[in-house]
>>> print(open('my_file.cif').read())   # mmCIF, C-alpha atoms and all ligand atoms
data_start
loop_
_atom_site.group_PDB
_atom_site.id
_atom_site.type_symbol
_atom_site.label_atom_id
_atom_site.label_comp_id
_atom_site.auth_asym_id
_atom_site.auth_seq_id
_atom_site.Cartn_x
_atom_site.Cartn_y
_atom_site.Cartn_z
ATOM 1 C CA MET X 1 1.925 -7.737 11.854
ATOM 2 C CA THR X 2 1.267 -9.799 14.953
ATOM 3 C CA VAL X 3 3.629 -12.511 16.157
ATOM 4 C CA ASP X 4 1.457 -15.019 14.243
ATOM 5 C CA GLY X 5 1.652 -12.968 11.049
ATOM 6 C CA LYS X 6 -1.764 -11.284 11.032
ATOM 7 C CA ILE X 7 -1.974 -7.789 9.574
ATOM 8 C CA THR X 8 -5.467 -7.010 10.790
ATOM 9 C CA THR X 9 -8.415 -8.614 12.541
ATOM 10 C CA ARG X 10 -10.950 -10.853 10.832
ATOM 11 C CA ALA X 11 -13.260 -7.793 10.681
ATOM 12 C CA PHE X 12 -10.552 -5.944 8.681
ATOM 13 C CA SER X 13 -10.524 -3.169 11.252
ATOM 14 C CA PRO X 14 -7.928 -0.387 10.953
ATOM 15 C CA VAL X 15 -4.610 -1.322 12.530
ATOM 16 C CA ASP X 16 -4.520 -0.189 16.161
ATOM 17 C CA PHE X 17 -2.277 -2.869 17.626
ATOM 18 C CA THR X 18 1.037 -1.176 16.910
ATOM 19 C CA SER X 19 2.767 1.599 18.806
ATOM 20 C CA ARG X 20 3.213 5.297 18.125
ATOM 21 C CA GLU X 21 6.791 4.470 17.166
ATOM 22 C CA ASP X 22 5.564 2.054 14.500
ATOM 23 C CA LYS X 23 3.193 4.643 13.105
ATOM 24 C CA LEU X 24 6.089 7.122 12.929
ATOM 25 C CA HIS X 25 8.163 4.456 11.203
ATOM 26 C CA LEU X 26 5.416 4.091 8.596
ATOM 27 C CA LEU X 27 5.382 7.849 8.033
ATOM 28 C CA ARG X 28 9.170 7.865 7.638
ATOM 29 C CA GLN X 29 8.953 5.170 4.956
ATOM 30 C CA ARG X 30 6.110 7.032 3.283
ATOM 31 C CA SER X 31 8.134 10.230 3.310
ATOM 32 C CA LEU X 32 10.906 8.581 1.266
ATOM 33 C CA GLY X 33 8.616 7.712 -1.638
ATOM 34 C CA ASP X 34 7.938 9.801 -4.713
ATOM 35 C CA ALA X 35 4.597 8.011 -4.651
ATOM 36 C CA VAL X 36 2.634 6.112 -2.047
ATOM 37 C CA LEU X 37 0.565 3.163 -3.261
ATOM 38 C CA ILE X 38 -2.516 1.623 -1.661
ATOM 39 C CA GLY X 39 -5.160 -0.978 -2.515
ATOM 40 C CA ARG X 40 -8.844 -0.069 -2.653
ATOM 41 C CA SER X 41 -9.815 -2.181 0.370
ATOM 42 C CA THR X 42 -7.161 -0.725 2.690
ATOM 43 C CA LEU X 43 -8.155 2.762 1.604
ATOM 44 C CA ALA X 44 -11.823 2.021 2.291
ATOM 45 C CA HIS X 45 -11.227 0.360 5.667
ATOM 46 C CA ASP X 46 -8.599 2.707 7.051
ATOM 47 C CA ASN X 47 -9.903 5.881 5.377
ATOM 48 C CA VAL X 48 -6.389 7.353 5.304
ATOM 49 C CA ARG X 49 -5.326 10.613 3.676
ATOM 50 C CA LEU X 50 -1.767 9.410 3.023
ATOM 51 C CA GLY X 51 -0.332 12.750 4.102
ATOM 52 C CA LEU X 52 2.758 13.676 6.096
ATOM 53 C CA PRO X 53 1.802 15.566 9.250
ATOM 54 C CA ASP X 54 5.387 16.297 10.302
ATOM 55 C CA PRO X 55 6.719 19.524 8.665
ATOM 56 C CA LYS X 56 10.286 18.272 9.216
ATOM 57 C CA MET X 57 9.679 15.273 6.957
ATOM 58 C CA ARG X 58 8.250 17.561 4.306
ATOM 59 C CA ALA X 59 11.246 19.917 4.575
ATOM 60 C CA GLU X 60 13.606 16.928 4.215
ATOM 61 C CA ARG X 61 11.765 15.871 1.082
ATOM 62 C CA GLU X 62 12.122 19.326 -0.404
ATOM 63 C CA ALA X 63 15.833 19.338 0.459
ATOM 64 C CA ARG X 64 16.096 16.072 -1.519
ATOM 65 C CA GLY X 65 14.375 17.709 -4.490
ATOM 66 C CA GLN X 66 11.027 15.952 -3.926
ATOM 67 C CA SER X 67 7.602 17.549 -3.672
ATOM 68 C CA PRO X 68 6.463 18.135 -0.045
ATOM 69 C CA TYR X 69 4.026 15.200 -0.240
ATOM 70 C CA PRO X 70 4.272 12.017 -2.298
ATOM 71 C CA LEU X 71 1.861 11.402 -5.160
ATOM 72 C CA ARG X 72 -1.011 9.242 -3.912
ATOM 73 C CA VAL X 73 -1.819 6.196 -6.034
ATOM 74 C CA ILE X 74 -4.862 3.947 -5.611
ATOM 75 C CA VAL X 75 -5.273 0.564 -7.302
ATOM 76 C CA SER X 76 -8.623 -1.108 -7.932
ATOM 77 C CA ASN X 77 -9.920 -3.468 -10.602
ATOM 78 C CA GLU X 78 -13.611 -2.822 -10.033
ATOM 79 C CA GLY X 79 -13.255 0.883 -9.397
ATOM 80 C CA ARG X 80 -15.914 1.256 -6.728
ATOM 81 C CA ILE X 81 -13.942 3.842 -4.763
ATOM 82 C CA ASP X 82 -16.066 6.126 -2.644
ATOM 83 C CA PRO X 83 -15.394 9.791 -3.614
ATOM 84 C CA ALA X 84 -16.427 10.800 -0.073
ATOM 85 C CA LEU X 85 -13.337 9.153 1.463
ATOM 86 C CA LYS X 86 -11.035 11.496 3.378
ATOM 87 C CA ILE X 87 -8.211 11.175 0.853
ATOM 88 C CA PHE X 88 -10.315 13.083 -1.665
ATOM 89 C CA GLN X 89 -10.980 15.897 0.794
ATOM 90 C CA THR X 90 -7.257 16.591 1.213
ATOM 91 C CA ASP X 91 -5.616 18.619 -1.518
ATOM 92 C CA ILE X 92 -1.963 18.038 -0.648
ATOM 93 C CA SER X 93 -0.742 16.107 -3.672
ATOM 94 C CA ARG X 94 -2.081 14.681 -6.861
ATOM 95 C CA ILE X 95 -4.145 11.486 -6.630
ATOM 96 C CA LEU X 96 -3.873 8.890 -9.400
ATOM 97 C CA ILE X 97 -6.272 5.976 -9.716
ATOM 98 C CA PHE X 98 -5.270 2.935 -11.748
ATOM 99 C CA SER X 99 -8.363 0.923 -12.522
ATOM 100 C CA THR X 100 -10.353 -0.544 -15.402
ATOM 101 C CA THR X 101 -13.238 0.589 -17.580
ATOM 102 C CA ARG X 102 -15.360 -1.680 -15.375
ATOM 103 C CA MET X 103 -15.463 1.297 -12.988
ATOM 104 C CA PRO X 104 -19.168 2.278 -12.969
ATOM 105 C CA ARG X 105 -19.926 5.578 -14.717
ATOM 106 C CA LYS X 106 -21.229 7.132 -11.488
ATOM 107 C CA PHE X 107 -17.863 6.546 -9.808
ATOM 108 C CA GLN X 108 -15.954 7.813 -12.844
ATOM 109 C CA VAL X 109 -17.890 11.086 -12.726
ATOM 110 C CA GLY X 110 -17.443 11.506 -8.957
ATOM 111 C CA LEU X 111 -13.753 10.640 -8.973
ATOM 112 C CA ARG X 112 -12.680 12.573 -12.068
ATOM 113 C CA GLU X 113 -13.112 15.870 -10.215
ATOM 114 C CA LYS X 114 -10.689 14.753 -7.531
ATOM 115 C CA ALA X 115 -8.197 12.425 -9.159
ATOM 116 C CA THR X 116 -6.550 11.472 -12.426
ATOM 117 C CA LEU X 117 -8.032 8.220 -13.712
ATOM 118 C CA HIS X 118 -5.972 5.714 -15.658
ATOM 119 C CA LEU X 119 -8.506 3.145 -16.850
ATOM 120 C CA THR X 120 -7.561 0.122 -18.890
ATOM 121 C CA ASP X 121 -9.941 -1.877 -21.106
ATOM 122 C CA ALA X 122 -8.386 -5.073 -19.734
ATOM 123 C CA ARG X 123 -10.086 -7.028 -16.906
ATOM 124 C CA SER X 124 -7.390 -6.047 -14.448
ATOM 125 C CA VAL X 125 -4.710 -3.465 -13.853
ATOM 126 C CA ASP X 126 -1.283 -4.316 -15.217
ATOM 127 C CA LEU X 127 0.890 -3.417 -12.223
ATOM 128 C CA ALA X 128 4.193 -3.580 -14.098
ATOM 129 C CA ARG X 129 2.827 -1.202 -16.719
ATOM 130 C CA MET X 130 1.485 1.054 -13.986
ATOM 131 C CA LEU X 131 4.960 1.306 -12.448
ATOM 132 C CA GLN X 132 6.433 2.050 -15.875
ATOM 133 C CA GLN X 133 3.889 4.810 -16.342
ATOM 134 C CA LEU X 134 4.652 6.252 -12.920
ATOM 135 C CA TRP X 135 8.313 6.286 -13.907
ATOM 136 C CA SER X 136 7.916 7.869 -17.316
ATOM 137 C CA GLU X 137 4.909 10.175 -16.912
ATOM 138 C CA TYR X 138 5.277 11.189 -13.275
ATOM 139 C CA ARG X 139 9.037 10.856 -12.698
ATOM 140 C CA VAL X 140 8.448 8.436 -9.841
ATOM 141 C CA ARG X 141 11.620 6.612 -8.843
ATOM 142 C CA ARG X 142 10.605 5.187 -5.488
ATOM 143 C CA VAL X 143 7.202 3.826 -4.525
ATOM 144 C CA ALA X 144 6.189 3.201 -0.918
ATOM 145 C CA CYS X 145 3.462 0.563 -0.951
ATOM 146 C CA GLU X 146 1.307 0.475 2.173
ATOM 147 C CA GLY X 147 -0.602 -2.659 1.263
ATOM 148 C CA GLY X 148 -2.923 -4.269 1.844
ATOM 149 C CA ALA X 149 -2.241 -7.920 1.594
ATOM 150 C CA GLU X 150 -3.841 -8.533 -1.771
ATOM 151 C CA LEU X 151 -1.940 -5.752 -3.476
ATOM 152 C CA PHE X 152 1.295 -6.772 -1.764
ATOM 153 C CA ARG X 153 0.799 -10.360 -2.889
ATOM 154 C CA SER X 154 0.206 -9.289 -6.506
ATOM 155 C CA LEU X 155 3.348 -7.167 -6.520
ATOM 156 C CA LEU X 156 5.334 -9.953 -4.915
ATOM 157 C CA GLU X 157 4.158 -12.522 -7.452
ATOM 158 C CA LEU X 158 5.258 -10.179 -10.217
ATOM 159 C CA ARG X 159 8.621 -9.771 -8.469
ATOM 160 C CA LEU X 160 8.042 -6.030 -8.178
ATOM 161 C CA VAL X 161 8.916 -5.565 -4.496
ATOM 162 C CA ASP X 162 12.539 -4.914 -3.637
ATOM 163 C CA GLN X 163 12.303 -3.992 0.030
ATOM 164 C CA LEU X 164 10.030 -5.087 2.843
ATOM 165 C CA ASN X 165 9.694 -3.233 6.115
ATOM 166 C CA LEU X 166 8.013 -5.346 8.708
ATOM 167 C CA THR X 167 7.151 -4.579 12.317
ATOM 168 C CA ILE X 168 6.307 -7.450 14.637
ATOM 169 C CA ALA X 169 3.860 -6.350 17.318
ATOM 170 C CA PRO X 170 3.522 -8.272 20.588
ATOM 171 C CA TYR X 171 0.169 -9.986 19.943
ATOM 172 C CA ILE X 172 -1.107 -13.356 18.781
ATOM 173 C CA PHE X 173 -4.562 -13.298 17.182
ATOM 174 C CA GLY X 174 -4.974 -16.895 15.991
ATOM 175 C CA GLY X 175 -7.800 -17.949 13.701
ATOM 176 C CA LYS X 176 -7.827 -18.125 9.934
ATOM 177 C CA GLY X 177 -10.248 -15.263 9.213
ATOM 178 C CA ALA X 178 -7.671 -12.539 9.783
ATOM 179 C CA PRO X 179 -5.347 -12.026 6.799
ATOM 180 C CA THR X 180 -1.603 -12.514 6.962
ATOM 181 C CA LEU X 181 0.909 -10.436 5.042
ATOM 182 C CA THR X 182 -0.089 -12.196 1.801
ATOM 183 C CA GLY X 183 -3.804 -12.325 2.524
ATOM 184 C CA ARG X 184 -6.262 -15.056 3.436
ATOM 185 C CA GLY X 185 -5.668 -17.198 0.379
ATOM 186 C CA THR X 186 -4.385 -20.717 0.876
ATOM 187 C CA ASP X 187 -2.535 -20.929 -2.446
ATOM 188 C CA PHE X 188 1.223 -20.802 -2.615
ATOM 189 C CA LEU X 189 2.708 -17.725 -4.256
ATOM 190 C CA ALA X 190 2.598 -17.899 -8.041
ATOM 191 C CA GLY X 191 6.185 -18.247 -9.155
ATOM 192 C CA GLY X 192 7.281 -19.885 -5.911
ATOM 193 C CA SER X 193 8.707 -18.708 -2.624
ATOM 194 C CA VAL X 194 10.557 -15.458 -2.334
ATOM 195 C CA ARG X 195 13.824 -15.299 -0.450
ATOM 196 C CA CYS X 196 14.275 -12.361 1.925
ATOM 197 C CA ALA X 197 17.686 -11.101 3.023
ATOM 198 C CA LEU X 198 17.665 -9.391 6.387
ATOM 199 C CA ARG X 199 19.247 -5.934 6.175
ATOM 200 C CA ASP X 200 18.302 -4.389 9.483
ATOM 201 C CA MET X 201 16.697 -5.387 12.753
ATOM 202 C CA HIS X 202 16.134 -3.372 15.881
ATOM 203 C CA THR X 203 13.699 -3.281 18.741
ATOM 204 C CA VAL X 204 11.849 -0.396 20.335
ATOM 205 C CA GLY X 205 9.949 -1.388 23.443
ATOM 206 C CA GLU X 206 8.330 -4.741 22.667
ATOM 207 C CA GLU X 207 8.230 -4.299 18.922
ATOM 208 C CA CYS X 208 10.764 -5.626 16.449
ATOM 209 C CA PHE X 209 11.505 -3.591 13.300
ATOM 210 C CA LEU X 210 12.807 -5.584 10.358
ATOM 211 C CA GLU X 211 14.034 -4.531 6.953
ATOM 212 C CA TYR X 212 14.476 -7.078 4.199
ATOM 213 C CA ARG X 213 15.801 -6.945 0.630
ATOM 214 C CA LEU X 214 13.855 -9.339 -1.542
ATOM 215 C CA LYS X 215 15.917 -11.638 -3.702
ATOM 216 C CA TYR X 216 14.618 -13.139 -6.923
ATOM 217 C CA PRO X 217 16.435 -15.744 -8.971
ATOM 218 C CA ALA X 218 17.820 -14.270 -12.224
HETATM 219 N N1 LIG V 1 -1.000 -4.189 9.336
HETATM 220 C C1 LIG V 1 -0.703 -3.468 8.296
HETATM 221 O O1 LIG V 1 0.391 -2.934 8.187
HETATM 222 C C2 LIG V 1 -1.704 -3.283 7.187
HETATM 223 C C3 LIG V 1 -1.305 -2.654 6.018
HETATM 224 C C4 LIG V 1 -2.244 -2.485 5.009
HETATM 225 C C5 LIG V 1 -3.534 -2.943 5.169
HETATM 226 N N2 LIG V 1 -3.881 -3.551 6.308
HETATM 227 C C6 LIG V 1 -5.247 -4.050 6.475
HETATM 228 O O2 LIG V 1 -5.528 -4.985 5.451
HETATM 229 C C7 LIG V 1 -6.927 -4.982 5.190
HETATM 230 C C8 LIG V 1 -7.164 -4.943 3.694
HETATM 231 O O3 LIG V 1 -6.524 -6.045 3.098
HETATM 232 P P1 LIG V 1 -6.769 -6.428 1.576
HETATM 233 O O4 LIG V 1 -5.858 -7.533 1.214
HETATM 234 O O5 LIG V 1 -8.228 -6.595 1.346
HETATM 235 O O6 LIG V 1 -6.340 -5.063 0.913
HETATM 236 P P2 LIG V 1 -5.915 -4.334 -0.391
HETATM 237 O O7 LIG V 1 -4.831 -5.051 -1.122
HETATM 238 O O8 LIG V 1 -5.663 -2.949 0.065
HETATM 239 O O9 LIG V 1 -7.232 -4.266 -1.269
HETATM 240 C C9 LIG V 1 -7.661 -5.268 -2.097
HETATM 241 C C10 LIG V 1 -8.318 -4.585 -3.245
HETATM 242 O O10 LIG V 1 -7.374 -3.713 -3.885
HETATM 243 C C11 LIG V 1 -7.444 -3.850 -5.281
HETATM 244 N N3 LIG V 1 -6.282 -4.597 -5.742
HETATM 245 C C12 LIG V 1 -5.437 -5.378 -5.044
HETATM 246 N N4 LIG V 1 -4.508 -5.919 -5.851
HETATM 247 C C13 LIG V 1 -4.798 -5.460 -7.089
HETATM 248 C C14 LIG V 1 -4.219 -5.659 -8.362
HETATM 249 N N5 LIG V 1 -3.174 -6.480 -8.536
HETATM 250 N N6 LIG V 1 -4.755 -5.036 -9.422
HETATM 251 C C15 LIG V 1 -5.819 -4.224 -9.256
HETATM 252 N N7 LIG V 1 -6.446 -4.003 -8.084
HETATM 253 C C16 LIG V 1 -5.910 -4.619 -7.020
HETATM 254 C C17 LIG V 1 -8.711 -4.647 -5.547
HETATM 255 O O11 LIG V 1 -9.749 -3.680 -5.527
HETATM 256 P P3 LIG V 1 -11.216 -3.881 -6.169
HETATM 257 O O12 LIG V 1 -11.910 -4.882 -5.321
HETATM 258 O O13 LIG V 1 -11.816 -2.530 -6.068
HETATM 259 O O14 LIG V 1 -11.010 -4.358 -7.563
HETATM 260 C C18 LIG V 1 -8.775 -5.547 -4.319
HETATM 261 O O15 LIG V 1 -10.049 -6.068 -4.015
HETATM 262 C C19 LIG V 1 -7.500 -3.776 5.895
HETATM 263 O O16 LIG V 1 -8.190 -4.210 7.030
HETATM 264 C C20 LIG V 1 -6.278 -2.981 6.327
HETATM 265 O O17 LIG V 1 -6.493 -2.312 7.553
HETATM 266 C C21 LIG V 1 -2.999 -3.742 7.323
#
>>> encode(input="my_file.cif", output="C-alpha cells")
Amino acid sequence: MTVDGKITTRAFSPVDFTSREDKLHLLRQRSLGDAVLIGRSTLAHDNVRLGLPDPKMRAEREARGQSPYPLRVIVSNEGRIDPALKIFQTDISRILIFSTTRMPRKFQVGLREKATLHLTDARSVDLARMLQQLWSEYRVRRVACEGGAELFRSLLELRLVDQLNLTIAPYIFGGKGAPTLTGRGTDFLAGGSVRCALRDMHTVGEECFLEYRLKYPA
C-alpha cells in the first residue's frame, strides 16, 4: 500500500507502484501456501495466473512435501467470472471457485470445464465453511490470501486472518476513490478494531516490509 494506505488507484488499476523486490516478496508468500485465495474483482482487474515462475520456489515446495504450485481459489458471490481470464489458460494447479447458485448458467457451463465449482444455495459464500472444506477435502493447512480489500475485510471481520504482510511503498495518492486495505467503505469493522502485533520489519530501498500477527480477544 501507499504511505496513505491506498492499495490501488481510484480506477482499480493493477498494482504497479511497488518494486521488483515487493513482487518477489509476494511470490515468496504465495509459495508458502497450500492454496492461494483471491477475490473476483482482483482477479478480473489484475488478470493474474497465480503461478510461481521461479523453479527454486517450486523445488522448495516439493522438498516440504507440497505440490509444485498452490491450489488456486477464487471467491465470488455473483459468479460472473470470465472464463477467458489468463488463470483459466494455465494448467499448473487445480482451480476451485467458491460461489453461489446465483452464478448465471452460462458462466457455470464455461467455468466447469476449467475449475471445480463449489456453489452454495445461500446468498453469499460462507468463508469459514470454505476454509473448513479446504482443510478437510483438499488438505490445505495454509492459505495465502492476495486480496483484494473486500475479501480481506470479510476475512478480518470473521477473525479468519492470522498474519498480515504489508509493504509500504513511497507514494501518497490522496483522494477517497482509491480503496485502502479494507476497501472504500466508511463503516467500522464489524466486531470492532483488530489489534496487530508487529513481528518483523525491514526496509529494502525505500520500501518498508512489515509482518504482523493479528490478535483477537478470546
Ligand atoms: N496493493 C495490493 O497489494 C492489492 C492486492 C489485491 C488487490 N488489489 C487491488 O484491489 C482492487 C480490487 O479490490 P476489491 O476490494 O474490489 O477486490 P476483491 O476483494 O478482490 O473483490 C471483490 C469481489 O470479490 C468477491 N468477494 C469479496 N469478498 C467476498 C466474500 N466474503 N464472499 C464472497 N465473495 C466475495 C465479490 O465478488 P462478486 O462481485 O463476483 O460477488 C466481490 O465483489 C484491484 O484494483 C486490485 O488491483 C491491490
>>> resolve_selection(input="my_file.cif", expression="the PyMOL selection byres (((chain X and resi 70) around 9) and not hetatm)", output="ChimeraX atom specification")
/X:30-36,50-52,66-69,71-72,92-94,143
>>> residues_near_ligand(input="my_file.cif", ligand="ligand LIG 1 (chain V)", cutoff="6 Å", atoms="all atoms listed in the file", output="ChimeraX atom specification")
/X:1,7-8,12-15,38-42,45-46,75-80,124-125,146-151,154,183
>>> atom_distance(input="my_file.cif", atom1="atom CA of Phe209 of chain X", atom2="atom CA of Asp16 of chain X")
16.6 Å
>>> resolve_selection(input="my_file.cif", expression="the PyMOL selection byres (((chain X and resi 87) around 9) and not hetatm)", output="ChimeraX atom specification")
/X:43,47-51,72,83-86,88-91,95
>>> closest_residue(input="my_file.cif", among="X:Leu181, X:Leu27, X:Leu111, X:Ala169", to="Leu96 of chain X", atoms="all atoms listed in the file")
X:Leu111
>>> atom_distance(input="my_file.cif", atom1="atom CA of Gly175 of chain X", atom2="atom CA of Thr2 of chain X")
12.3 Å
